[in-house]
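As stored in start_22.cif (mmCIF, C-alpha atoms and all ligand atoms):
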```cif
data_input
loop_
_atom_site.label_atom_id
_atom_site.label_comp_id
_atom_site.auth_asym_id
_atom_site.auth_seq_id
_atom_site.Cartn_x
_atom_site.Cartn_y
_atom_site.Cartn_z
CA MET T 1 0.00 0.00 0.00
CA ALA T 2 1.31 3.48 -0.86
CA ALA T 3 2.38 5.61 2.09
CA PRO T 4 -0.24 8.25 3.00
CA MET T 5 0.53 11.68 1.57
CA MET T 6 1.94 13.96 4.27
CA PRO T 7 -0.05 17.20 4.41
CA ASP T 8 1.93 20.17 3.08
CA VAL T 9 2.49 21.96 6.36
CA ARG T 10 3.71 25.01 4.51
CA ALA T 11 0.45 25.72 2.67
CA PRO T 12 -1.28 28.86 3.96
CA PHE T 13 -4.09 27.10 5.83
CA ALA T 14 -2.42 23.82 6.78
CA GLY T 15 -2.11 25.11 10.33
CA LEU T 16 -5.92 24.99 10.71
CA GLY T 17 -5.72 21.20 10.71
CA GLY T 18 -8.85 20.88 8.58
CA GLN T 19 -11.06 22.93 10.91
CA THR T 20 -13.04 25.87 9.58
CA PRO T 21 -12.23 29.50 10.40
CA GLU T 22 -15.66 29.88 12.03
CA THR T 23 -15.01 26.93 14.37
CA LEU T 24 -11.54 28.10 15.31
CA PHE T 25 -11.82 31.86 15.27
CA GLY T 26 -15.56 32.63 15.16
CA ALA T 27 -15.58 34.01 18.70
CA LEU T 28 -12.76 36.52 18.13
CA PRO T 29 -13.46 40.21 17.53
CA THR T 30 -12.72 41.21 13.94
CA PRO T 31 -10.56 42.33 12.37
CA CYS T 32 -7.74 40.52 14.11
CA TYR T 33 -4.46 38.85 13.32
CA ILE T 34 -3.80 35.33 14.61
CA LEU T 35 -0.15 34.20 14.81
CA ASP T 36 0.36 30.45 14.58
CA GLU T 37 3.15 29.18 16.84
CA THR T 38 3.14 25.68 15.33
CA ILE T 39 3.95 26.97 11.84
CA LEU T 40 6.48 29.39 13.23
CA ARG T 41 8.33 26.51 14.86
CA LYS T 42 8.18 24.41 11.67
CA ASN T 43 9.76 27.33 9.79
CA GLY T 44 12.40 27.55 12.50
CA GLU T 45 13.15 23.85 12.14
CA ILE T 46 13.62 24.16 8.37
CA LEU T 47 15.98 27.12 8.81
CA ALA T 48 17.91 25.37 11.56
CA GLY T 49 18.36 22.38 9.22
CA VAL T 50 20.10 24.62 6.67
CA ALA T 51 22.27 26.17 9.39
CA GLN T 52 23.24 22.78 10.85
CA ARG T 53 24.04 21.15 7.53
CA THR T 54 26.14 24.06 6.20
CA GLY T 55 27.46 26.00 9.20
CA CYS T 56 25.82 29.24 8.03
CA LYS T 57 24.10 31.50 10.55
CA ILE T 58 20.51 32.63 10.08
CA LEU T 59 19.06 35.86 11.47
CA LEU T 60 15.45 37.03 11.75
CA ALA T 61 14.92 40.19 9.68
CA GLN T 62 12.63 41.99 12.10
CA LYS T 63 11.25 44.35 9.46
CA ALA T 64 9.07 41.43 8.32
CA PHE T 65 8.09 40.02 11.68
CA SER T 66 8.69 41.66 15.03
CA ASN T 67 6.04 40.22 17.34
CA TYR T 68 8.60 39.72 20.04
CA ASP T 69 6.34 37.68 22.33
CA LEU T 70 6.94 34.88 19.84
CA TYR T 71 10.71 35.31 19.58
CA PRO T 72 11.15 32.48 22.11
CA VAL T 73 9.59 30.11 19.55
CA LEU T 74 12.09 31.08 16.83
CA GLU T 75 15.11 31.80 18.99
CA PRO T 76 16.39 28.20 19.38
CA TYR T 77 16.77 27.96 15.60
CA LEU T 78 18.43 31.30 14.88
CA ALA T 79 21.76 33.01 15.48
CA GLY T 80 20.09 36.33 16.21
CA THR T 81 18.24 39.23 14.67
CA GLU T 82 18.72 41.73 11.88
CA ALA T 83 17.60 45.33 12.33
CA SER T 84 16.84 48.25 10.02
CA GLY T 85 17.91 50.86 12.56
CA LEU T 86 18.14 51.74 16.22
CA TYR T 87 14.70 50.64 17.38
CA GLU T 88 14.79 47.21 15.78
CA ALA T 89 18.37 46.73 17.00
CA ARG T 90 17.21 47.50 20.52
CA LEU T 91 14.22 45.19 20.17
CA GLY T 92 16.45 42.34 18.99
CA ALA T 93 18.93 42.90 21.82
CA GLU T 94 16.15 43.06 24.42
CA GLU T 95 13.92 40.29 23.16
CA MET T 96 16.46 37.77 21.83
CA PRO T 97 19.06 38.37 24.52
CA GLY T 98 22.49 36.83 24.16
CA LYS T 99 22.14 36.46 20.39
CA GLU T 100 23.77 38.44 17.60
CA VAL T 101 22.30 41.80 16.57
CA HIS T 102 23.10 42.92 13.03
CA VAL T 103 22.00 46.27 11.67
CA PHE T 104 21.84 47.71 8.20
CA CYS T 105 20.51 51.19 7.53
CA ALA T 106 20.79 53.19 4.32
CA ALA T 107 22.16 56.09 6.41
CA TYR T 108 22.89 56.25 10.14
CA ARG T 109 22.26 59.40 12.19
CA ALA T 110 24.98 60.91 14.33
CA ASP T 111 22.49 61.55 17.16
CA GLU T 112 21.57 57.84 17.33
CA TRP T 113 25.06 56.48 16.96
CA ASP T 114 26.00 55.99 20.63
CA ALA T 115 22.72 54.24 21.35
CA LEU T 116 23.18 51.98 18.34
CA LEU T 117 26.59 50.92 19.64
CA ARG T 118 24.89 49.71 22.83
CA TYR T 119 22.68 47.24 20.96
CA ALA T 120 24.31 46.14 17.67
CA ASP T 121 27.35 43.92 17.30
CA HIS T 122 27.49 43.87 13.47
CA ILE T 123 27.05 47.21 11.70
CA VAL T 124 26.62 47.30 7.93
CA PHE T 125 27.12 50.56 6.07
CA ASN T 126 25.47 51.45 2.81
CA SER T 127 28.04 53.81 1.31
CA PRO T 128 31.77 54.43 1.48
CA ARG T 129 31.02 57.85 2.98
CA GLN T 130 29.04 56.33 5.86
CA LEU T 131 31.80 53.76 6.36
CA GLN T 132 34.36 56.55 6.50
CA LYS T 133 32.23 58.63 8.89
CA PHE T 134 31.23 55.95 11.40
CA GLY T 135 33.47 52.95 10.64
CA PRO T 136 36.47 53.93 12.81
CA ALA T 137 34.21 54.52 15.84
CA ALA T 138 32.47 51.20 15.22
CA LYS T 139 35.80 49.37 15.09
CA ALA T 140 37.04 51.17 18.20
CA ALA T 141 33.89 49.97 19.98
CA GLY T 142 34.72 46.39 19.00
CA LYS T 143 31.97 46.02 16.40
CA SER T 144 32.17 43.88 13.30
CA VAL T 145 31.95 46.27 10.35
CA GLY T 146 30.44 45.54 6.96
CA LEU T 147 29.60 47.24 3.68
CA ARG T 148 26.48 46.56 1.65
CA ILE T 149 27.46 46.03 -1.95
CA ASN T 150 25.24 46.35 -4.98
CA PRO T 151 26.06 43.57 -7.45
CA GLU T 152 23.90 45.33 -10.08
CA LEU T 153 22.08 42.17 -11.07
CA SER T 154 18.28 42.38 -11.07
CA THR T 155 16.87 38.89 -10.82
CA GLN T 156 13.20 39.76 -10.50
CA GLU T 157 10.45 41.26 -12.59
CA GLY T 158 7.27 43.00 -11.57
CA HIS T 159 8.47 44.06 -8.13
CA ALA T 160 10.40 47.20 -9.04
CA ILE T 161 9.75 48.66 -5.60
CA TYR T 162 11.69 45.74 -4.10
CA ASP T 163 14.60 45.73 -6.55
CA PRO T 164 17.71 47.24 -4.95
CA CYS T 165 19.63 46.58 -8.16
CA ALA T 166 17.45 48.84 -10.31
CA PRO T 167 19.42 51.52 -12.18
CA GLY T 168 20.10 54.51 -9.95
CA SER T 169 19.38 52.57 -6.77
CA ARG T 170 20.52 54.13 -3.48
CA LEU T 171 20.94 50.72 -1.86
CA GLY T 172 24.39 49.19 -1.74
CA THR T 173 27.77 50.27 -3.10
CA THR T 174 28.51 49.45 -6.71
CA ARG T 175 31.97 48.44 -7.80
CA ALA T 176 32.46 51.81 -9.51
CA GLN T 177 31.42 53.70 -6.36
CA TRP T 178 33.82 51.61 -4.28
CA ASP T 179 36.76 52.11 -6.63
CA GLU T 180 36.23 55.85 -6.70
CA ALA T 181 35.98 56.01 -2.88
CA VAL T 182 39.11 53.96 -2.31
CA ARG T 183 41.07 56.12 -4.73
CA VAL T 184 40.39 59.09 -2.44
CA ALA T 185 40.39 57.18 0.89
CA PRO T 186 42.69 54.14 0.64
CA GLU T 187 42.18 53.35 4.35
CA LEU T 188 38.60 52.17 3.74
CA PRO T 189 39.18 48.47 2.90
CA ALA T 190 41.03 47.88 6.19
CA LEU T 191 37.87 48.85 8.11
CA LEU T 192 35.87 45.98 6.67
CA ASP T 193 35.17 42.64 8.34
CA GLY T 194 32.38 41.64 6.00
CA LEU T 195 30.29 42.31 2.93
CA HIS T 196 26.51 42.25 2.67
CA PHE T 197 24.17 42.08 -0.29
CA HIS T 198 20.39 42.07 -0.35
CA THR T 199 18.91 41.79 -3.82
CA LEU T 200 16.19 39.13 -3.69
CA CYS T 201 12.48 39.20 -2.89
CA GLU T 202 10.44 36.00 -2.42
CA GLN T 203 12.91 34.19 -4.67
CA ASP T 204 14.28 30.72 -5.11
CA SER T 205 17.94 29.76 -4.83
CA ASP T 206 18.58 29.90 -8.58
CA ALA T 207 18.40 33.71 -8.29
CA LEU T 208 20.86 33.54 -5.39
CA GLU T 209 23.18 31.38 -7.47
CA SER T 210 23.34 33.94 -10.32
CA THR T 211 23.77 36.76 -7.81
CA LEU T 212 26.66 35.02 -6.07
CA GLN T 213 28.39 34.48 -9.37
CA VAL T 214 28.30 38.22 -10.10
CA VAL T 215 29.30 39.09 -6.53
CA GLY T 216 32.29 36.77 -6.91
CA GLU T 217 33.31 38.36 -10.22
CA ARG T 218 32.87 41.98 -9.19
CA PHE T 219 34.33 41.81 -5.68
CA SER T 220 36.87 39.01 -6.13
CA ASP T 221 39.70 41.07 -4.60
CA LEU T 222 37.78 41.98 -1.43
CA LEU T 223 36.06 38.69 -0.64
CA PRO T 224 39.09 36.67 0.50
CA GLN T 225 39.91 39.48 2.97
CA MET T 226 36.49 39.21 4.63
CA ARG T 227 35.47 37.26 7.72
CA TRP T 228 31.83 37.10 6.76
CA LEU T 229 29.46 37.47 3.84
CA ASN T 230 25.79 38.22 4.44
CA PHE T 231 23.43 37.03 1.66
CA GLY T 232 20.61 39.32 2.91
CA GLY T 233 16.97 38.29 2.78
CA GLY T 234 14.40 37.43 0.14
CA HIS T 235 15.20 33.70 0.24
CA HIS T 236 11.80 31.97 0.37
CA ILE T 237 13.39 28.99 2.10
CA THR T 238 10.30 27.72 3.93
CA ARG T 239 8.09 27.70 0.83
CA ALA T 240 7.17 24.15 -0.13
CA ASP T 241 8.89 24.18 -3.54
CA TYR T 242 12.02 26.11 -2.55
CA ASP T 243 15.25 24.43 -3.70
CA ILE T 244 17.09 24.01 -0.38
CA PRO T 245 19.92 21.78 -1.73
CA ARG T 246 20.87 24.50 -4.21
CA LEU T 247 20.89 27.09 -1.39
CA GLU T 248 23.21 24.84 0.57
CA ARG T 249 25.52 24.47 -2.42
CA CYS T 250 25.69 28.27 -2.69
CA ILE T 251 26.57 28.57 0.99
CA ARG T 252 29.29 25.93 0.77
CA MET T 253 30.71 27.50 -2.37
CA ALA T 254 31.11 30.88 -0.60
CA GLN T 255 32.62 29.25 2.48
CA GLU T 256 35.13 27.29 0.44
CA ALA T 257 36.02 29.94 -2.15
CA TRP T 258 36.43 32.88 0.22
CA GLY T 259 36.74 31.39 3.71
CA VAL T 260 33.80 33.45 5.01
CA GLN T 261 31.15 32.84 7.64
CA VAL T 262 27.90 33.01 5.68
CA TYR T 263 24.87 34.80 7.12
CA LEU T 264 21.31 34.78 5.80
CA GLU T 265 18.76 37.24 7.12
CA PRO T 266 15.34 36.20 5.84
CA GLY T 267 12.24 37.89 7.17
CA GLU T 268 9.44 36.25 5.21
CA ALA T 269 10.89 32.75 5.43
CA CYS T 270 10.90 32.93 9.24
CA ALA T 271 7.20 33.61 9.53
CA LEU T 272 5.87 32.43 6.17
CA ASN T 273 2.27 31.22 6.46
CA ALA T 274 2.48 31.59 10.24
CA GLY T 275 -0.43 33.99 10.55
CA TYR T 276 -4.02 34.65 9.54
CA PHE T 277 -6.13 37.76 9.33
CA ALA T 278 -9.80 37.37 10.28
CA THR T 279 -12.32 39.88 8.98
CA ARG T 280 -16.11 40.03 8.56
CA VAL T 281 -18.25 41.30 5.71
CA LEU T 282 -19.95 44.58 6.67
CA ASP T 283 -21.90 45.15 3.47
CA VAL T 284 -22.58 43.52 0.13
CA LEU T 285 -23.36 45.63 -2.92
CA GLN T 286 -23.37 45.51 -6.68
CA ASN T 287 -22.24 48.15 -9.18
CA GLY T 288 -23.14 47.08 -12.72
CA GLU T 289 -21.65 43.63 -13.17
CA THR T 290 -19.36 43.93 -10.17
CA LYS T 291 -20.38 42.36 -6.88
CA ILE T 292 -18.59 43.91 -3.95
CA GLY T 293 -17.98 42.91 -0.36
CA VAL T 294 -17.02 45.72 2.02
CA LEU T 295 -15.03 44.25 4.89
CA ASP T 296 -14.13 45.50 8.35
CA ALA T 297 -10.51 45.22 7.19
CA SER T 298 -8.51 47.50 4.92
CA ALA T 299 -5.74 46.64 2.47
CA ALA T 300 -4.26 50.10 2.92
CA CYS T 301 -4.25 49.96 6.72
CA HIS T 302 -3.94 46.33 7.70
CA MET T 303 -2.14 44.55 4.86
CA PRO T 304 -0.30 47.38 3.07
CA ASP T 305 1.85 45.05 0.96
CA VAL T 306 -1.31 44.09 -0.94
CA LEU T 307 -1.20 47.56 -2.49
CA GLU T 308 2.49 48.31 -2.29
CA MET T 309 4.01 45.14 -3.63
CA PRO T 310 1.39 44.37 -5.03
CA TYR T 311 0.47 41.06 -3.46
CA ARG T 312 -2.63 38.87 -3.48
CA PRO T 313 -3.19 37.18 -0.14
CA PRO T 314 -4.60 33.65 -0.04
CA LEU T 315 -8.21 33.54 1.20
CA TYR T 316 -9.63 30.44 2.88
CA GLY T 317 -12.23 28.61 0.76
CA ALA T 318 -11.99 31.10 -2.11
CA ALA T 319 -10.54 30.86 -5.60
CA ASP T 320 -9.44 33.27 -8.33
CA ALA T 321 -12.13 35.43 -9.93
CA GLY T 322 -14.48 33.38 -12.10
CA GLU T 323 -13.32 29.98 -10.90
CA LYS T 324 -16.19 29.45 -8.48
CA ALA T 325 -19.81 30.46 -9.00
CA TYR T 326 -19.80 33.85 -7.25
CA THR T 327 -17.07 36.42 -7.76
CA PHE T 328 -16.75 39.37 -5.39
CA ARG T 329 -14.40 42.32 -5.21
CA LEU T 330 -13.25 42.66 -1.60
CA GLY T 331 -12.51 46.13 -0.31
CA GLY T 332 -12.04 48.04 2.90
CA PRO T 333 -14.29 50.60 4.58
CA THR T 334 -11.86 53.52 4.04
CA CYS T 335 -12.24 56.47 1.65
CA LEU T 336 -9.51 55.19 -0.68
CA ALA T 337 -11.03 54.02 -3.97
CA GLY T 338 -8.09 51.68 -4.41
CA ASP T 339 -8.47 50.07 -0.99
CA ILE T 340 -9.16 46.76 -2.75
CA ILE T 341 -7.80 43.45 -1.54
CA GLY T 342 -8.68 41.67 -4.76
CA ASP T 343 -11.35 39.77 -6.71
CA TYR T 344 -12.10 36.31 -5.31
CA SER T 345 -14.74 33.72 -6.11
CA PHE T 346 -16.83 31.68 -3.68
CA ASP T 347 -19.20 28.68 -3.74
CA ALA T 348 -22.00 30.80 -2.27
CA PRO T 349 -22.80 34.52 -2.41
CA LEU T 350 -21.18 36.56 0.34
CA GLN T 351 -23.50 37.62 3.13
CA GLU T 352 -23.26 40.38 5.69
CA GLY T 353 -21.47 38.99 8.74
CA ASP T 354 -19.57 36.23 6.92
CA LEU T 355 -16.16 35.50 8.40
CA LEU T 356 -13.25 35.60 5.93
CA LEU T 357 -9.77 34.37 6.75
CA PHE T 358 -6.73 35.58 4.83
CA GLY T 359 -3.55 33.50 5.03
CA ASP T 360 0.16 34.31 5.22
CA MET T 361 -0.58 37.32 7.37
CA ALA T 362 2.21 37.20 9.94
CA ILE T 363 4.69 39.02 7.71
CA TYR T 364 4.79 42.73 6.89
CA THR T 365 1.42 43.27 8.59
CA THR T 366 1.46 43.85 12.35
CA CYS T 367 4.76 45.72 11.98
CA LYS T 368 3.58 47.79 9.03
CA ASN T 369 -0.07 48.65 9.65
CA ASN T 370 -1.48 52.12 10.26
CA THR T 371 -4.59 54.01 11.36
CA PHE T 372 -5.35 55.98 8.16
CA ASN T 373 -9.00 57.12 8.21
CA GLY T 374 -9.01 56.45 11.95
CA MET T 375 -9.17 52.74 11.23
CA PRO T 376 -8.66 50.75 14.45
CA LEU T 377 -5.54 48.62 14.64
CA PRO T 378 -6.59 44.95 14.64
CA ALA T 379 -6.03 42.97 17.83
CA ILE T 380 -3.22 40.40 17.75
CA TYR T 381 -3.91 36.84 18.95
CA THR T 382 -1.60 33.88 19.13
CA ARG T 383 -2.56 30.29 18.56
CA GLY T 384 -0.32 28.22 20.78
CA GLU T 385 1.08 24.82 19.93
CA ASN T 386 -1.66 23.38 22.16
CA GLY T 387 -4.27 25.15 20.00
CA VAL T 388 -5.17 27.67 22.69
CA LEU T 389 -5.87 31.22 21.55
CA ARG T 390 -4.37 34.06 23.56
CA CYS T 391 -4.89 37.78 23.10
CA LEU T 392 -1.47 39.38 22.80
CA LYS T 393 -2.62 42.93 22.31
CA GLN T 394 -5.79 44.93 21.78
CA PHE T 395 -5.83 48.47 20.49
CA GLY T 396 -8.30 51.28 20.90
CA TYR T 397 -9.01 54.95 20.34
CA ALA T 398 -6.04 55.94 22.54
CA ASP T 399 -3.62 54.18 20.16
CA PHE T 400 -5.01 56.18 17.25
CA LYS T 401 -5.11 59.51 19.06
CA GLY T 402 -1.87 59.04 21.00
CA ARG T 403 0.30 59.14 17.88
CA LEU T 404 -1.23 62.35 16.60
CA GLY T 405 -0.66 64.90 19.32
CA SER T 406 -0.37 65.71 22.97
C1 LIG Z 501 18.63 44.42 4.15
C2 LIG Z 501 17.48 43.47 4.22
N1 LIG Z 501 17.64 42.28 4.82
C3 LIG Z 501 16.64 41.38 4.93
C4 LIG Z 501 15.38 41.66 4.42
C5 LIG Z 501 14.28 40.63 4.57
O1 LIG Z 501 13.76 40.25 3.35
P1 LIG Z 501 12.62 39.13 3.26
O2 LIG Z 501 11.58 39.45 4.28
O3 LIG Z 501 12.11 39.27 1.87
O4 LIG Z 501 13.28 37.82 3.51
C6 LIG Z 501 15.16 42.88 3.77
C7 LIG Z 501 13.84 43.22 3.21
O5 LIG Z 501 13.60 44.22 2.62
C8 LIG Z 501 16.23 43.82 3.68
O6 LIG Z 501 16.06 45.01 3.10
#
```

Write out the structure in this file as structure tokens.
Amino acid sequence: MAAPMMPDVRAPFAGLGGQTPETLFGALPTPCYILDETILRKNGEILAGVAQRTGCKILLAQKAFSNYDLYPVLEPYLAGTEASGLYEARLGAEEMPGKEVHVFCAAYRADEWDALLRYADHIVFNSPRQLQKFGPAAKAAGKSVGLRINPELSTQEGHAIYDPCAPGSRLGTTRAQWDEAVRVAPELPALLDGLHFHTLCEQDSDALESTLQVVGERFSDLLPQMRWLNFGGGHHITRADYDIPRLERCIRMAQEAWGVQVYLEPGEACALNAGYFATRVLDVLQNGETKIGVLDASAACHMPDVLEMPYRPPLYGAADAGEKAYTFRLGGPTCLAGDIIGDYSFDAPLQEGDLLLFGDMAIYTTCKNNTFNGMPLPAIYTRGENGVLRCLKQFGYADFKGRLGS
């Protein structure tokens, strides 16, 4: 007899274990986010497997996921955190104590510098000028100093907003910029312990492989002098079809060719599919041929990547427009005409009060939402590994008003 198929635990709703959203989350106030600790741990286990087999170190990019109450779930599998600036560096140091804190910011501020030195142990600069300005003080404070390079290889299409290799990009130092800087300031290379590149977005390891090749060609003189090489984020490692063996070959190649400690700093892959967003239908209307569901959730406020990226979140029980009998355009209650989550089809017409559950909602949501239009911030729940729901945080009028004035 054939072995039973293992369920794909990395599909967006696998964590529900076959139960319906109404059964599991019907009693929660909407809109709310639900963070799934079981999936978070499974992601951690996959990442730890890569680290154990290759010797690379993996960091949580907190810009994607910074619900620190759940850091203890991920912490056993990670070497530390990656920060975009002072506040995230402090959060990582406070909430994943004893682990590494890496920071990259496109430009550091002099008035935050001393505080940053308290929290970060690896500091990555974006430009030769920033390296020249802050590098000596970082070294004197015993920090590991890095430079973000721009290999000038775009490996993605359709996500221009997430392409740091686009022409004219401000992110990372190109070879030409580096050569020009070193001509004027030959002391710069001696400041460097490592190089960093971040060029990928939700990509597989074939894109990493081509990037590494170009990095190796363009920076061949610097790499053997480095102690570490950070491959950045954008590696969709915990996605079911991601090519992990190829990733591991890339890591080993870098280790062997240049003698570096390899770091990865994925955000998405740490918390991929580890969260849901529950919302209810407030109104159903029709304009010409278009059926519309107005939800108590907003793309602009609660899932901004849907508009920014743009990105189409998976919706439990729904299919693409036209696939099932009833297609609805789902939008938020705000004034923004474009506050549209997308067109989805259902087996039955949407009704006022229906509960909808979006998947893959742990990343770039709770750390990126806003109160435009006075929209309330959704509560954050966790679903523990024992299935128990816990309210992590509720928000109210004071959270909206408090940010706007005295
Ligand atoms: C420097 C850097 N590192 C890591 C990440 C995390 O990327 P992802 O969440 O796509 O893995 C980002 C995302 O923008 C980034 O800019």

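Taking all atoms listed in the file into account, the residues that come within 7 Å of ligand LIG 501 (chain Z) are Ala61, Lys63, Ala64, Phe104, His198, Leu200, Cys201, Glu202, Gly232, Gly233, Gly234, His235, His236, Glu265, Pro266, Gly267, Glu268 and Ala269 of chain T.
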
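Coordinates place CA of Leu35 (chain T) at a distance of 10.8 Å from CA of Glu385 (chain T).
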
Nearest residue to Gln19 (chain T) from the set T:Asp114, T:Gln225, T:Gly317, T:Ile237 (distances using all atoms listed in the file): T:Gly317

Spatial neighbours of region 203-207 of chain T, max dist 12 Å, all atoms listed in the file, sep filter under 4 positions, as a PyMOL selection string: chain T and resi 153-157+159+162-163+198-199+211-214+231-251+266+268-269

As an exercise, work out the distance from CA of Leu131 (chain T) to CA of Ala107 (chain T) in Å and give it to one decimal place. 9.9 Å

One number please: CA of Pro376 (chain T) to CA of Arg280 (chain T), in Å, one decimal.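 For CA of Pro376 (chain T) relative to CA of Arg280 (chain T), the distance reads 14.3 Å.
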
Nearest-residue call for Met361 (chain T), choices T:Arg312, T:Gly55, T:Phe277, T:Gly338, using only C-alpha atoms: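 Looking at the shortest contact to Met361 (chain T), the residue is T:Phe277.
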
I'd like the neighbourhood of region 296-305 of chain T as a VMD selection string, where a residue qualifies if any of its atoms comes within 10 Å (using all atoms listed in the file), though same-chain residues fewer than 6 positions away should be ignored. chain T and resid 30 to 33 277 to 283 311 to 313 330 to 334 336 338 to 342 353 361 to 378

For region 40-59 of chain T against region 71-94 of chain T, with a cut-off of 6 Å and counting all atoms listed in the file, what is the closest atom pair and its distance in Å to one decimal for every residue that makes the cut, ordered by chain and number, as a Markdown table?
```
| residue | atom | partner | partner_atom | distance |
| --- | --- | --- | --- | --- |
| T:Gly44 | CA | T:Tyr77 | CA | 5.4 |
| T:Ala48 | CA | T:Tyr77 | CA | 4.9 |
| T:Lys57 | CA | T:Ala79 | CA | 5.7 |
| T:Ile58 | CA | T:Leu78 | CA | 5.4 |
| T:Leu59 | CA | T:Thr81 | CA | 4.7 |
```

Counting all atoms listed in the file, what is within 10 Å of Glu22 (chain T), bar same-chain residues fewer than 4 positions away, as a list in words?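 The contact residues come out as Gly26, Ala27, Leu28, Ala278, Asp354, Leu355, Leu356 and Leu357 of chain T.
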
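Neighbours of Lys291 (chain T) closer than or equal to 10 Å, with only C-alpha atoms counted and sequence neighbours fewer than 2 positions away skipped, come out as T:Val284, T:Leu285, T:Gln286, T:Asn287, T:Gly288, T:Glu289, T:Gly293, T:Tyr326, T:Thr327, T:Phe328, T:Arg329, T:Leu330, T:Asp343, T:Pro349, T:Leu350.
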
Restricting the calculation to all atoms listed in the file: of T:Arg183, T:Leu16, T:Ala51, T:Leu116, which residue gets closest to Ala137 (chain T)?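 Among the listed residues, the smallest separation from Ala137 (chain T) belongs to T:Leu116.
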
Regenerate region 33-49 of chain T at the level of N, CA and C atoms and dump it as a compact mmCIF listing (two decimals), keeping the file's coordinate frame.
```txt
# COMPACT_ATOMS: atom_id res chain seq x y z
N TYR T 33 -5.50 39.74 13.82
CA TYR T 33 -4.46 38.85 13.32
C TYR T 33 -4.33 37.68 14.29
N ILE T 34 -4.04 36.50 13.75
CA ILE T 34 -3.80 35.33 14.61
C ILE T 34 -2.45 34.76 14.18
N LEU T 35 -1.51 34.71 15.10
CA LEU T 35 -0.15 34.20 14.81
C LEU T 35 -0.07 32.75 15.25
N ASP T 36 0.42 31.89 14.37
CA ASP T 36 0.36 30.45 14.58
C ASP T 36 1.73 29.92 15.02
N GLU T 37 1.84 29.58 16.29
CA GLU T 37 3.15 29.18 16.84
C GLU T 37 3.65 27.85 16.25
N THR T 38 2.73 26.97 15.89
CA THR T 38 3.14 25.68 15.33
C THR T 38 3.87 25.87 14.01
N ILE T 39 3.31 26.73 13.16
CA ILE T 39 3.95 26.97 11.84
C ILE T 39 5.26 27.72 12.02
N LEU T 40 5.25 28.65 12.96
CA LEU T 40 6.48 29.39 13.23
C LEU T 40 7.62 28.44 13.60
N ARG T 41 7.30 27.47 14.46
CA ARG T 41 8.33 26.51 14.86
C ARG T 41 8.77 25.65 13.67
N LYS T 42 7.81 25.23 12.84
CA LYS T 42 8.18 24.41 11.67
C LYS T 42 9.13 25.20 10.76
N ASN T 43 8.84 26.50 10.58
CA ASN T 43 9.76 27.33 9.79
C ASN T 43 11.13 27.35 10.45
N GLY T 44 11.13 27.53 11.76
CA GLY T 44 12.40 27.55 12.50
C GLY T 44 13.18 26.27 12.29
N GLU T 45 12.47 25.14 12.31
CA GLU T 45 13.15 23.85 12.14
C GLU T 45 13.78 23.74 10.75
N ILE T 46 13.07 24.22 9.74
CA ILE T 46 13.62 24.16 8.37
C ILE T 46 14.88 25.02 8.28
N LEU T 47 14.82 26.22 8.86
CA LEU T 47 15.98 27.12 8.81
C LEU T 47 17.15 26.53 9.59
N ALA T 48 16.85 25.95 10.74
CA ALA T 48 17.91 25.37 11.56
C ALA T 48 18.57 24.21 10.82
N GLY T 49 17.81 23.49 10.02
CA GLY T 49 18.36 22.38 9.22
C GLY T 49 19.43 22.91 8.27
```
